[in-house]
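Structure file input-v1.cif (mmCIF, C-alpha atoms and all ligand atoms) follows.
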data_target
#
loop_
_atom_site.label_atom_id
_atom_site.label_comp_id
_atom_site.auth_asym_id
_atom_site.auth_seq_id
_atom_site.Cartn_x
_atom_site.Cartn_y
_atom_site.Cartn_z
CA MET W 1 -244.71 -77.25 191.32
CA ALA W 2 -247.45 -79.77 191.96
CA ARG W 3 -247.26 -82.83 189.80
CA ARG W 4 -250.42 -84.77 189.22
CA GLN W 5 -249.41 -88.34 188.68
CA GLY W 6 -251.03 -90.36 185.99
CA LYS W 7 -253.14 -87.60 184.39
CA HIS W 8 -252.92 -87.09 180.67
CA ILE W 9 -253.77 -84.09 178.57
CA THR W 10 -255.05 -85.18 175.22
CA ASP W 11 -255.73 -83.39 172.00
CA LYS W 12 -257.81 -85.37 169.55
CA GLN W 13 -259.46 -82.46 167.84
CA HIS W 14 -256.47 -81.02 166.07
CA ASN W 15 -254.35 -84.08 165.61
CA LYS W 16 -255.72 -87.15 163.96
CA GLN W 17 -253.41 -89.24 166.11
CA LYS W 18 -254.03 -89.07 169.80
CA VAL W 19 -251.30 -87.03 171.49
CA SER W 20 -250.84 -86.94 175.20
CA ILE W 21 -248.46 -85.75 177.83
CA ASP W 22 -247.74 -87.45 181.06
CA GLU W 23 -248.10 -84.80 183.75
CA SER W 24 -245.58 -86.54 185.97
CA SER W 25 -242.93 -85.78 183.36
CA LEU W 26 -243.40 -82.00 183.53
CA LEU W 27 -240.54 -79.84 184.78
CA ALA W 28 -240.67 -76.61 186.83
CA PRO W 29 -242.80 -73.69 185.54
CA GLU W 30 -241.06 -71.05 183.44
CA GLU W 31 -242.04 -67.97 181.50
CA GLY W 32 -242.42 -68.02 177.73
CA MET W 33 -244.09 -66.29 174.85
CA VAL W 34 -246.63 -67.53 172.33
CA ILE W 35 -245.07 -67.67 168.86
CA SER W 36 -247.99 -69.26 167.06
CA ARG W 37 -251.19 -71.08 168.00
CA PHE W 38 -252.86 -74.07 166.39
CA GLY W 39 -256.22 -74.87 167.98
CA GLN W 40 -255.56 -76.27 171.46
CA GLN W 41 -251.78 -76.18 171.05
CA ALA W 42 -249.29 -73.35 170.79
CA ASP W 43 -245.61 -72.93 170.04
CA ILE W 44 -243.94 -71.26 173.00
CA ALA W 45 -240.52 -69.60 172.95
CA ASP W 46 -238.56 -69.97 176.16
CA GLN W 47 -236.16 -67.30 177.49
CA ASP W 48 -233.47 -68.45 175.01
CA PHE W 49 -236.01 -68.50 172.20
CA ASN W 50 -236.07 -72.26 171.88
CA ILE W 51 -239.47 -73.36 170.69
CA ILE W 52 -241.63 -75.88 172.55
CA ARG W 53 -244.99 -77.13 171.31
CA CYS W 54 -247.40 -76.89 174.27
CA PHE W 55 -250.94 -77.96 175.05
CA ILE W 56 -253.24 -75.27 176.38
CA ARG W 57 -255.07 -76.22 179.56
CA LYS W 58 -258.83 -76.19 179.01
CA SER W 59 -259.36 -73.88 181.99
CA LEU W 60 -257.34 -71.08 180.36
CA ASP W 61 -258.53 -68.26 178.15
CA ILE W 62 -257.18 -69.03 174.72
CA PRO W 63 -253.74 -67.45 174.43
CA VAL W 64 -252.88 -65.49 171.30
CA VAL W 65 -249.60 -64.73 169.57
CA GLY W 66 -247.51 -62.39 171.71
CA ASP W 67 -249.02 -63.57 175.00
CA ARG W 68 -246.64 -64.11 177.86
CA VAL W 69 -247.39 -67.38 179.60
CA ILE W 70 -246.21 -69.69 182.35
CA PHE W 71 -245.57 -73.14 180.95
CA CYS W 72 -243.97 -76.42 181.97
CA ARG W 73 -241.88 -78.41 179.58
CA GLN W 74 -241.70 -82.14 179.63
CA ALA W 75 -238.50 -83.81 180.79
CA LYS W 76 -236.39 -84.55 177.71
CA THR W 77 -236.93 -87.88 176.06
CA ASP W 78 -234.90 -89.37 173.25
CA GLN W 79 -237.65 -89.33 170.71
CA GLY W 80 -239.61 -86.52 169.14
CA GLU W 81 -239.82 -82.78 169.64
CA GLU W 82 -240.01 -81.12 173.04
CA LYS W 83 -243.54 -80.76 174.38
CA GLY W 84 -245.11 -78.93 177.28
CA VAL W 85 -248.22 -77.45 178.82
CA ILE W 86 -249.34 -73.85 179.26
CA ASN W 87 -250.55 -73.28 182.81
CA GLU W 88 -251.16 -69.56 183.01
CA LEU W 89 -251.68 -66.48 180.91
CA LEU W 90 -249.86 -63.37 182.14
CA GLU W 91 -251.32 -59.88 182.03
CA ARG W 92 -251.46 -58.24 178.59
CA LYS W 93 -250.38 -54.71 177.90
CA SER W 94 -252.41 -54.63 174.68
CA LEU W 95 -254.81 -56.87 172.79
CA LEU W 96 -255.78 -56.42 169.17
CA LYS W 97 -259.05 -57.99 168.07
CA ARG W 98 -260.54 -58.28 164.69
CA PRO W 99 -263.99 -59.03 163.35
CA THR W 100 -264.64 -62.46 161.88
CA PRO W 101 -266.88 -63.06 158.83
CA HIS W 102 -269.81 -64.23 160.97
CA TYR W 103 -270.11 -61.15 163.15
CA GLY W 104 -267.85 -62.60 165.77
CA ILE W 105 -264.77 -60.94 167.13
CA LYS W 106 -261.52 -62.67 167.86
CA PRO W 107 -258.36 -61.60 169.59
CA VAL W 108 -255.42 -61.73 167.20
CA VAL W 109 -252.28 -60.56 168.92
CA ALA W 110 -251.24 -59.46 172.40
CA ASN W 111 -248.62 -57.06 173.72
CA VAL W 112 -247.64 -55.29 170.52
CA ASP W 113 -246.82 -51.58 170.69
CA PHE W 114 -248.12 -50.68 167.25
CA ILE W 115 -249.57 -51.93 163.99
CA ALA W 116 -247.65 -51.60 160.74
CA LEU W 117 -250.31 -51.47 158.09
CA LEU W 118 -249.01 -52.53 154.69
CA LEU W 119 -250.53 -51.11 151.53
CA ALA W 120 -249.55 -51.96 147.97
CA PRO W 121 -250.35 -50.35 144.65
CA ALA W 122 -251.33 -53.49 142.72
CA LEU W 123 -254.24 -54.00 145.08
CA GLY W 124 -255.38 -50.43 144.57
CA PHE W 125 -254.60 -48.00 147.33
CA SER W 126 -257.90 -47.11 148.92
CA GLU W 127 -258.23 -44.37 151.52
CA MET W 128 -261.42 -46.08 152.70
CA MET W 129 -259.55 -49.27 153.50
CA LEU W 130 -256.84 -47.29 155.25
CA ASP W 131 -259.38 -45.29 157.28
CA ARG W 132 -261.14 -48.48 158.36
CA TYR W 133 -257.88 -49.89 159.64
CA LEU W 134 -257.12 -46.66 161.43
CA VAL W 135 -260.50 -46.79 163.19
CA ALA W 136 -260.08 -50.43 164.16
CA ALA W 137 -256.57 -49.78 165.46
CA ARG W 138 -257.70 -46.75 167.44
CA ALA W 139 -260.35 -48.92 169.08
CA SER W 140 -257.50 -51.09 170.37
CA ASP W 141 -255.57 -48.02 171.46
CA LEU W 142 -252.67 -48.99 169.25
CA PRO W 143 -250.78 -46.53 167.08
CA VAL W 144 -250.57 -47.28 163.35
CA TRP W 145 -247.66 -46.87 160.98
CA ILE W 146 -248.42 -46.80 157.29
CA ILE W 147 -246.04 -48.86 155.15
CA PHE W 148 -246.44 -48.46 151.42
CA ASN W 149 -244.89 -51.56 149.83
CA LYS W 150 -244.07 -52.59 146.23
CA TRP W 151 -242.74 -49.13 145.39
CA ASP W 152 -240.66 -50.80 142.65
CA LEU W 153 -243.84 -51.47 140.67
CA LEU W 154 -244.63 -47.76 140.22
CA ASP W 155 -243.29 -45.32 137.64
CA ASP W 156 -242.34 -41.77 138.60
CA THR W 157 -245.75 -40.27 137.86
CA GLU W 158 -247.56 -42.95 139.87
CA ARG W 159 -245.13 -42.42 142.74
CA GLN W 160 -245.88 -38.70 142.81
CA VAL W 161 -249.62 -39.35 142.92
CA ILE W 162 -249.31 -41.80 145.81
CA GLU W 163 -246.94 -39.52 147.73
CA GLN W 164 -249.48 -36.75 147.36
CA ARG W 165 -252.29 -38.96 148.64
CA LEU W 166 -250.21 -39.95 151.64
CA VAL W 167 -249.57 -36.32 152.64
CA ILE W 168 -252.93 -36.11 154.45
CA TYR W 169 -251.92 -39.00 156.67
CA LYS W 170 -248.44 -37.65 157.38
CA GLU W 171 -250.02 -34.35 158.39
CA LEU W 172 -252.35 -36.20 160.75
CA GLY W 173 -249.23 -37.56 162.44
CA TYR W 174 -249.09 -41.12 161.11
CA PRO W 175 -245.54 -42.36 160.44
CA VAL W 176 -245.34 -43.26 156.74
CA PHE W 177 -242.67 -45.48 155.16
CA ILE W 178 -242.19 -46.28 151.51
CA ILE W 179 -240.53 -49.62 150.86
CA SER W 180 -239.98 -52.48 148.49
CA ALA W 181 -239.87 -55.71 150.48
CA LYS W 182 -238.79 -57.54 147.35
CA LYS W 183 -235.88 -55.25 146.43
CA GLY W 184 -235.08 -54.20 149.97
CA THR W 185 -235.36 -50.44 149.46
CA GLY W 186 -236.53 -48.47 152.50
CA VAL W 187 -236.52 -51.56 154.71
CA ASP W 188 -233.50 -50.54 156.82
CA GLU W 189 -235.05 -47.16 157.57
CA PHE W 190 -238.25 -48.85 158.71
CA VAL W 191 -236.39 -51.35 160.89
CA THR W 192 -234.27 -48.62 162.50
CA ALA W 193 -237.43 -46.69 163.36
CA ILE W 194 -238.92 -49.76 165.08
CA ASN W 195 -236.32 -49.31 167.81
CA ASN W 196 -237.02 -52.17 170.21
CA LYS W 197 -240.78 -52.01 169.90
CA SER W 198 -243.07 -54.90 168.97
CA LEU W 199 -245.47 -54.76 166.09
CA LEU W 200 -248.05 -56.56 164.02
CA LEU W 201 -247.86 -56.56 160.23
CA ALA W 202 -251.39 -56.13 158.96
CA GLY W 203 -252.96 -55.54 155.57
CA GLN W 204 -254.83 -57.26 152.78
CA SER W 205 -253.75 -60.58 151.41
CA GLY W 206 -250.99 -60.08 148.85
CA VAL W 207 -249.58 -56.74 150.07
CA GLY W 208 -246.29 -58.41 150.91
CA LYS W 209 -246.31 -58.96 154.68
CA SER W 210 -244.59 -62.33 154.49
CA THR W 211 -242.18 -61.06 151.82
CA LEU W 212 -241.05 -58.41 154.29
CA ILE W 213 -240.64 -61.09 156.98
CA LYS W 214 -238.59 -63.18 154.54
CA ARG W 215 -236.30 -60.22 153.92
CA LEU W 216 -235.84 -59.60 157.63
CA PHE W 217 -235.45 -63.28 158.54
CA PRO W 218 -233.81 -65.04 155.60
CA GLU W 219 -233.05 -68.03 157.83
CA HIS W 220 -236.77 -68.82 158.17
CA GLN W 221 -238.88 -70.68 155.64
CA VAL W 222 -241.73 -68.24 155.03
CA ALA W 223 -244.44 -69.01 152.48
CA THR W 224 -245.40 -66.25 150.06
CA SER W 225 -247.26 -66.50 146.80
CA GLU W 226 -248.12 -64.57 143.68
CA ILE W 227 -251.30 -62.57 143.74
CA SER W 228 -254.09 -63.89 141.54
CA GLU W 229 -253.89 -62.64 137.97
CA THR W 230 -257.66 -62.66 137.58
CA SER W 231 -258.73 -60.88 140.76
CA GLY W 232 -255.53 -58.97 141.50
CA LEU W 233 -255.97 -60.10 145.11
CA GLY W 234 -253.77 -62.21 147.32
CA THR W 235 -254.49 -65.87 147.81
CA HIS W 236 -254.43 -65.91 151.61
CA THR W 237 -251.09 -67.64 151.75
CA THR W 238 -250.43 -67.02 155.43
CA THR W 239 -253.09 -68.80 157.47
CA THR W 240 -251.71 -68.54 161.00
CA SER W 241 -250.16 -65.54 162.74
CA ARG W 242 -246.54 -66.08 163.72
CA LEU W 243 -244.13 -64.10 165.82
CA TYR W 244 -240.49 -63.46 164.81
CA ARG W 245 -237.94 -62.04 167.19
CA LEU W 246 -236.37 -58.75 166.14
CA THR W 247 -234.27 -58.12 169.24
CA LYS W 248 -234.24 -59.58 172.74
CA ASP W 249 -237.12 -57.31 173.69
CA SER W 250 -239.03 -56.82 170.48
CA TYR W 251 -240.82 -58.87 167.90
CA ILE W 252 -242.75 -58.65 164.69
CA VAL W 253 -245.89 -60.68 163.90
CA ASP W 254 -246.89 -61.81 160.43
CA SER W 255 -250.63 -62.29 160.14
CA PRO W 256 -253.11 -63.60 157.58
CA GLY W 257 -254.40 -60.87 155.28
CA VAL W 258 -257.92 -59.57 155.60
CA ARG W 259 -259.97 -58.90 152.52
CA GLU W 260 -262.63 -56.78 154.11
CA PHE W 261 -262.35 -54.94 157.40
CA GLY W 262 -265.81 -54.94 158.95
CA LEU W 263 -266.53 -52.46 161.70
CA TRP W 264 -269.94 -53.66 162.80
CA HIS W 265 -268.94 -54.01 166.42
CA LEU W 266 -267.81 -50.42 166.84
CA ASP W 267 -270.16 -47.73 168.07
CA SER W 268 -270.32 -44.29 166.54
CA ALA W 269 -268.08 -42.76 169.23
CA THR W 270 -265.38 -45.31 168.44
CA ILE W 271 -265.63 -44.61 164.73
CA GLN W 272 -265.31 -40.90 165.42
CA ASN W 273 -262.29 -41.51 167.65
CA GLY W 274 -260.59 -43.19 164.72
CA PHE W 275 -260.69 -39.93 162.79
CA VAL W 276 -258.43 -37.81 164.98
CA GLU W 277 -259.11 -34.48 163.28
CA ILE W 278 -262.90 -35.01 163.35
CA SER W 279 -262.79 -36.11 166.94
CA GLU W 280 -260.92 -32.95 167.95
CA LEU W 281 -263.21 -30.60 166.08
CA SER W 282 -266.40 -32.26 167.34
CA GLU W 283 -265.96 -30.50 170.66
CA GLN W 284 -266.83 -27.25 168.90
CA CYS W 285 -270.07 -28.55 167.29
CA LYS W 286 -273.32 -27.03 168.56
CA PHE W 287 -274.79 -30.40 169.49
CA ARG W 288 -272.86 -32.68 171.78
CA ASP W 289 -274.09 -35.74 169.92
CA CYS W 290 -273.47 -34.18 166.49
CA LYS W 291 -272.71 -36.88 163.91
CA HIS W 292 -271.37 -34.36 161.35
CA LEU W 293 -273.80 -35.48 158.65
CA ASN W 294 -275.98 -32.38 158.12
CA GLU W 295 -276.51 -30.83 161.55
CA PRO W 296 -276.53 -27.04 161.92
CA LYS W 297 -273.46 -25.29 163.36
CA CYS W 298 -271.30 -28.35 162.84
CA ALA W 299 -267.63 -27.45 163.26
CA VAL W 300 -266.54 -30.53 161.27
CA LEU W 301 -268.66 -29.74 158.20
CA ALA W 302 -267.45 -26.12 158.40
CA ALA W 303 -263.80 -27.22 158.58
CA ALA W 304 -264.27 -29.49 155.55
CA SER W 305 -265.89 -26.76 153.49
CA ASN W 306 -263.13 -24.25 154.18
CA GLY W 307 -260.34 -26.75 153.51
CA GLU W 308 -259.10 -27.18 157.08
CA ILE W 309 -259.69 -30.93 156.97
CA ALA W 310 -259.73 -33.29 154.00
CA VAL W 311 -263.15 -33.79 152.41
CA SER W 312 -262.16 -37.38 151.54
CA ARG W 313 -261.72 -38.15 155.22
CA LEU W 314 -265.05 -36.60 156.13
CA GLN W 315 -266.73 -38.66 153.39
CA ASN W 316 -265.18 -41.87 154.64
CA TYR W 317 -266.18 -41.03 158.20
CA GLN W 318 -269.77 -40.34 157.08
CA TYR W 319 -269.88 -43.56 155.09
CA LEU W 320 -268.72 -45.58 158.08
CA ILE W 321 -271.19 -43.91 160.45
CA GLN W 322 -274.07 -44.46 158.05
CA ASN W 323 -273.05 -47.98 157.26
CA PHE W 324 -272.70 -48.76 160.92
CA GLU W 325 -276.22 -47.48 161.65
CA GLN W 326 -277.68 -49.58 158.87
CA VAL W 327 -275.96 -52.68 160.13
CA ASN W 328 -277.29 -52.18 163.63
CA ALA W 329 -280.83 -51.01 162.73
N1 LIG W 401 -242.73 -56.25 142.91
C1 LIG W 401 -242.88 -56.50 144.21
N2 LIG W 401 -243.54 -57.60 144.58
C2 LIG W 401 -243.68 -57.83 145.90
C3 LIG W 401 -243.13 -56.97 146.90
N3 LIG W 401 -243.46 -57.47 148.12
C4 LIG W 401 -244.16 -58.60 147.89
N4 LIG W 401 -244.30 -58.82 146.57
C5 LIG W 401 -244.99 -59.95 145.92
O1 LIG W 401 -246.37 -59.95 146.28
C6 LIG W 401 -246.87 -61.30 146.35
C7 LIG W 401 -247.60 -61.52 147.65
O2 LIG W 401 -246.68 -61.41 148.72
P1 LIG W 401 -246.89 -62.08 150.16
O3 LIG W 401 -245.71 -61.69 150.98
O4 LIG W 401 -247.22 -63.52 150.04
O5 LIG W 401 -248.20 -61.30 150.67
P2 LIG W 401 -248.91 -61.39 152.11
O6 LIG W 401 -249.27 -60.00 152.49
O7 LIG W 401 -248.07 -62.14 153.06
O8 LIG W 401 -250.25 -62.20 151.76
P3 LIG W 401 -251.14 -63.18 152.69
O9 LIG W 401 -250.21 -64.10 153.42
O10 LIG W 401 -252.02 -63.90 151.72
O11 LIG W 401 -251.92 -62.29 153.63
C8 LIG W 401 -245.64 -62.20 146.16
O12 LIG W 401 -245.63 -62.65 144.82
C9 LIG W 401 -244.46 -61.29 146.43
O13 LIG W 401 -243.30 -61.66 145.71
C10 LIG W 401 -242.41 -55.81 146.46
O14 LIG W 401 -241.88 -55.02 147.23
N5 LIG W 401 -242.33 -55.64 145.11
MG MG W 402 -248.40 -63.83 154.14
ZN ZN W 403 -270.52 -31.79 163.99
#
As structure tokens, what does this structure read like?
Amino acid sequence: MARRQGKHITDKQHNKQKVSIDESSLLAPEEGMVISRFGQQADIADQDFNIIRCFIRKSLDIPVVGDRVIFCRQAKTDQGEEKGVINELLERKSLLKRPTPHYGIKPVVANVDFIALLLAPALGFSEMMLDRYLVAARASDLPVWIIFNKWDLLDDTERQVIEQRLVIYKELGYPVFIISAKKGTGVDEFVTAINNKSLLLAGQSGVGKSTLIKRLFPEHQVATSEISETSGLGTHTTTTSRLYRLTKDSYIVDSPGVREFGLWHLDSATIQNGFVEISELSEQCKFRDCKHLNEPKCAVLAAASNGEIAVSRLQNYQYLIQNFEQVNA
């Protein structure tokens, strides 16, 4: 590889102290994977899963967790941690993006096979929240598994109610797991089902994503914290996504919780695609552009009124479509 003598890559923005790497000290390029990113630097795992803090060349698209990259490490010195530079971003097989509070959109994780969406009773299980996630995930073409955590906090009656509410989703084909990350129940079954795939743990702050990571990787220091007693919400303990290796070929990503899942950037067709049963039935509607709000000869409205599809799902779909149109008016 070409070595450019005397050039330095600096990062002043994210480190108070000036940090630089002497390009002439860089070794041959190798492949690695982004474990975590901090501004213009990222932690890269090499083929043996050793971690090297690397600068990101300015010319590159910003890599995200899960990206495969070509990087060069610096020749070993006696002092300090190993450092390197990311030279190239390799092709992604998937990219999950999420809306930011200021109507932006940012890529979050690359190359996962599916999203494990965690829900928890203390935060109030909301079908609307779940449906929004399902739409957003569908827009990324990623399958979703539904993981209901903190089962230990429910009594028998509450468990029955939740199981009943989850039936709709099982019938739609979503894998559903019931676990307690804290006690460990149901976790083995979930891990066995993962079967060498890679996944992102998603869900509101406080649902227990990092607690599940802690259970799976007791050797890692993972920060978790109590949910707020006043709001019942999480306190956004995890601030940076991080990848953990499950097997040689698969990994799991812990991510910061989202409080509100905006869908402003999705058009009505994408929202409809997120509701699989509505999407299928829409082919039988009289009007090709039927929005299933109050149009005549609408196969979706008919199916909801005769019990073929869940009215709650239709209502959530209608809410999202109407909300979307308001936002973009
Ligand atoms: N009772 C019970 N508590 C749990 C369980 N899983 C997590 N918790 C608790 O829920 C709180 C929040 O857990 P975290 O793992 O920090 O939640 P998180 O989803 O990572 O939250 P953010 O990082 O803020 O997005 C902690 O006090 C955990 O101990 C569970 O299965 N049962
Ligand atoms: Mg967390
Ligand atoms: Zn229709």
**Request:** Name the closest residue to Tyr174 in chain W among the candidates W:Glu189, W:Asp131, W:Glu81, W:Glu308; distances are taken between atoms, counting all atoms listed in the file.
**Result:**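 The shortest atom-to-atom distance to Tyr174 in chain W comes from W:Asp131.
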**Asked** Could you name the residues that touch range 72-76 of chain W at 9 Å or less, counting all atoms listed in the file, but leaving out those on the same chain fewer than 4 positions away, as a list in words?
**Response** Ile21, Asp22, Glu23, Ser24, Ser25, Leu26, Leu27, Ala28, Pro29, Glu30, Glu31, Ile52, Arg53, Cys54, Glu81, Glu82, Lys83, Gly84, Val85, Ile86 and Asn87 of chain W
**Request:** Considering all atoms listed in the file, return as a PyMOL selection string whatever protein or nucleic-acid residues lie within 8 Å of Leu117 in chain W, sequence-local ones (same chain, fewer than 4 positions apart) excluded.
**Result:** chain W and resi 133+144-147+201-203
**Gap from CA of Ser312 in chain W to CA of Gly173 in chain W - Å, one decimal** = 16.9 Å
Padding 3 Å on every side, please: axis-aligned box over the listed atoms of range 78-95 of chain W, centre and edge lengths to one decimal in Å, as lines of an AutoDock Vina configuration file.
center_x = -244.9
center_y = -72.0
center_z = 176.1
size_x = 25.9
size_y = 40.7
size_z = 19.9
**Request:** Rounded to one decimal place, report the CA of Lys209 in chain W-atom P2 of ligand LIG 401 (chain W) distance in Å.
**Result:** 4.4 Å
**At most 6 Å from ligand LIG 401 (chain W) (all atoms listed in the file): residue list as a list in words** =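 With all atoms listed in the file and a cut-off of 6 Å, ligand LIG 401 (chain W) is contacted by Asn149, Lys150, Asp152, Leu153, Ser180, Ala181, Lys182, Gln204, Ser205, Gly206, Val207, Gly208, Lys209, Ser210, Thr211, Thr224, Ser225, Glu226, Ile227, Gly234, Thr235, His236, Thr237, Thr238, Pro256 and Gly257 of chain W.
Shortest atom-to-atom contact with Asn273 in chain W among W:Ser59, W:Gln47, W:Ile321, W:Leu118: W:Ile321, counting only C-alpha atoms.
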**Message:** To check your reading of the model: which residues sit at most 12 Å from ligand ZN 403 (chain W) when counting all atoms listed in the file? Write the answer as a ChimeraX atom specification.
**Reply:** /W:272,277-304,314,317-318
**Message:** Here is a test: counting all atoms listed in the file, which residue of W:Val167, W:Ala310, W:Val191, W:Ala223 is nearest to ligand MG 402 (chain W)?
**Reply:** W:Ala223
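Closest to ligand MG 402 (chain W) among W:Gln221, W:Ser140, W:Gln164, W:Asn195 is W:Gln221, based on all atoms listed in the file.
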